[in-house]
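Colleague: Mind having a look at this structure? Questions to follow.
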Amino acid sequence: MTPAAKIKKIYDLLEEYFGDLGWWPAETGFEVIVGAILTQNTSWANVEKAIAGLRKKGLLRPAKIAGMDTARLSRLIRSSGYYRMKARRLKEISRFVMAECGGKLSRLKSRDTAKLREKLLAVKGVGPETADSILLYALDKPVFVVDAYTKRIFFRHALTCENASYEEVQSLARGCFPTDTKALNQFHALLVETAKRFCAKKAPLCDECPLRGIK
């Protein structure tokens, strides 16, 4: 089976099993950006608590976070872990949004994807996974998001080597998977859900996995 055929098979089997997962769970594009920063090195349940606290106080706006006292912001996002560092990163990305588009994300959607990605990566605390998550889920850009779950599943199905880089995995997917924003959105969600339920780092449930039998 060619890599393209295998990736398509993985997508089809997972979509049949899980259905439409409706990612990303957010009310606004900026909330996606906040979530992309807060979810670094923690569970989504912890992120939800922090976002709920910011929403309750009417602070889920780039201008508000950019101008907020860092210590106060740290307290509000404490549940997300590494909260002092993440508070600084939230302020950095909020300043970026204000500087680039005056807080109106719709103005960024027409920008060139590659150039916008470069600018995001220049923001302190924004790595490839965070940048691509923002591009795909906040700005509707057709990029393939790679995370530890993606790497694990691709490696276990002989698509990549165990130590493949972010760029190598992304390049493979780019050449084998449609550049359709909705499909890219769904595929990332499917891989995350599969890894959480079946493809654990230790003691994976291979016999129960919807991808069992793929070689």
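Identifiers in this document derive from the order of the structure tokens: chains are assigned A, B, ..., residues are numbered from 1 separately in each chain, and ligands are numbered from 1 in order of occurrence.
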Name all residues at most 9 Å from segment 68-81 of chain A (count only C-alpha atoms; drop same-chain ones fewer than 2 positions away) and give them as a VMD selection string.
Modeller: chain A and resid 38 to 51 53 to 54 63 to 66 83 to 88 90 to 91
Colleague: For Leu121 of chain A, work out the shell of residues within 12 Å, counting only C-alpha atoms and skipping chain neighbours fewer than 3 positions away, then give it as a list in words.
Modeller: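 So, after excluding close chain neighbours, the residues are Glu92, Ile93, Phe96, Ala114, Lys115, Leu116, Arg117, Glu118, Lys124, Gly125, Val126, Gly127, Pro128, Glu129, Thr130, Ala131, Asp132, Ser133, Ile134 and Leu135 of chain A.
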Colleague: Excluding His188 of chain A and any residue of its chain fewer than 6 positions from it, enumerate the residues within 9 Å of it, using only C-alpha atoms, and give them as an NGL selection string.
Modeller: :A and (23 or 144-147 or 150)
Colleague: With DSSP run on the backbone, what are the alpha helix (DSSP H) residues within segment 52-86 of chain A? I'd like them as a VMD selection string.
Modeller: chain A and resid 52 to 56 62 to 66 70 to 76 83 to 86
Colleague: What is the atom CA of Pro142 of chain A to atom CA of Arg174 of chain A distance in Å?
Modeller: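 About the pair atom CA of Pro142 of chain A and atom CA of Arg174 of chain A: they are 9.7 Å apart.
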Colleague: Which residue is closest to Gly102 of chain A? Choose from A:Arg197, A:Arg212, A:Arg61, A:Leu14 and count only C-alpha atoms.
Modeller: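 Nearest to Gly102 of chain A: A:Arg61.
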Colleague: By how many Å are atom CA of Ala52 of chain A and atom CA of Glu193 of chain A apart?
Modeller: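 So the answer is 22.7 Å.
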Colleague: Report, in Å with one decimal, the straight-line distance from atom CA of Leu120 of chain A to atom CA of Leu184 of chain A.
Modeller: 19.6 Å
Colleague: Tell me which protein, DNA and RNA residues are within 12 Å of Tyr137 of chain A, counting only C-alpha atoms, leaving out same-chain ones fewer than 6 positions away, and put them as a PDB file with C-alpha atoms, in the first residue's frame.
Modeller:
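Once everything was written out, this is out-v6.pdb:
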```pdb
ATOM      1  CA  GLY A  22     -16.424  19.041  15.409  1.00  0.00           C
ATOM      2  CA  TRP A  23     -13.067  20.469  16.434  1.00  0.00           C
ATOM      3  CA  TRP A  24     -11.954  23.038  17.717  1.00  0.00           C
ATOM      4  CA  PRO A  25     -14.299  23.606  20.701  1.00  0.00           C
ATOM      5  CA  ALA A  26     -14.255  27.431  20.819  1.00  0.00           C
ATOM      6  CA  GLU A  27     -16.663  30.325  20.392  1.00  0.00           C
ATOM      7  CA  THR A  28     -14.218  32.634  18.569  1.00  0.00           C
ATOM      8  CA  GLY A  29     -10.985  32.448  16.628  1.00  0.00           C
ATOM      9  CA  PHE A  30      -9.147  34.275  19.381  1.00  0.00           C
ATOM     10  CA  GLU A  31     -10.363  31.714  21.888  1.00  0.00           C
ATOM     11  CA  VAL A  32      -8.709  29.084  19.680  1.00  0.00           C
ATOM     12  CA  ILE A  33      -5.459  31.033  19.884  1.00  0.00           C
ATOM     13  CA  VAL A  34      -5.705  31.225  23.674  1.00  0.00           C
ATOM     14  CA  GLY A  35      -6.425  27.499  23.820  1.00  0.00           C
ATOM     15  CA  ALA A  36      -3.468  26.712  21.558  1.00  0.00           C
ATOM     16  CA  LEU A 105      -8.704  37.986  12.849  1.00  0.00           C
ATOM     17  CA  LYS A 109      -7.406  35.127   6.695  1.00  0.00           C
ATOM     18  CA  GLU A 129       2.426  22.803  16.379  1.00  0.00           C
ATOM     19  CA  THR A 130       0.970  25.912  18.035  1.00  0.00           C
ATOM     20  CA  ALA A 131       1.437  28.006  14.881  1.00  0.00           C
ATOM     21  CA  VAL A 143      -2.244  23.123   7.042  1.00  0.00           C
ATOM     22  CA  PHE A 144      -1.633  19.700   8.553  1.00  0.00           C
ATOM     23  CA  VAL A 145      -1.050  19.893  12.311  1.00  0.00           C
ATOM     24  CA  THR A 181      -9.464  22.776   5.532  1.00  0.00           C
ATOM     25  CA  LYS A 182     -12.423  20.780   6.790  1.00  0.00           C
ATOM     26  CA  ALA A 183     -10.729  17.444   6.108  1.00  0.00           C
ATOM     27  CA  LEU A 184      -7.474  18.614   7.711  1.00  0.00           C
ATOM     28  CA  ASN A 185      -9.422  19.824  10.744  1.00  0.00           C
ATOM     29  CA  GLN A 186     -11.182  16.477  11.058  1.00  0.00           C
ATOM     30  CA  HIS A 188      -6.122  15.976  13.267  1.00  0.00           C
ATOM     31  CA  ALA A 189      -9.084  15.499  15.608  1.00  0.00           C
TER      32      ALA A 189
END
```
Colleague: Considering only C-alpha atoms, can you say which of A:Tyr11, A:Gly103, A:Ala203, A:Ile37 comes closest to Val123 of chain A?
Modeller: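 Between A:Tyr11, A:Gly103, A:Ala203, A:Ile37, the residue approaching Val123 of chain A most closely is A:Ile37.
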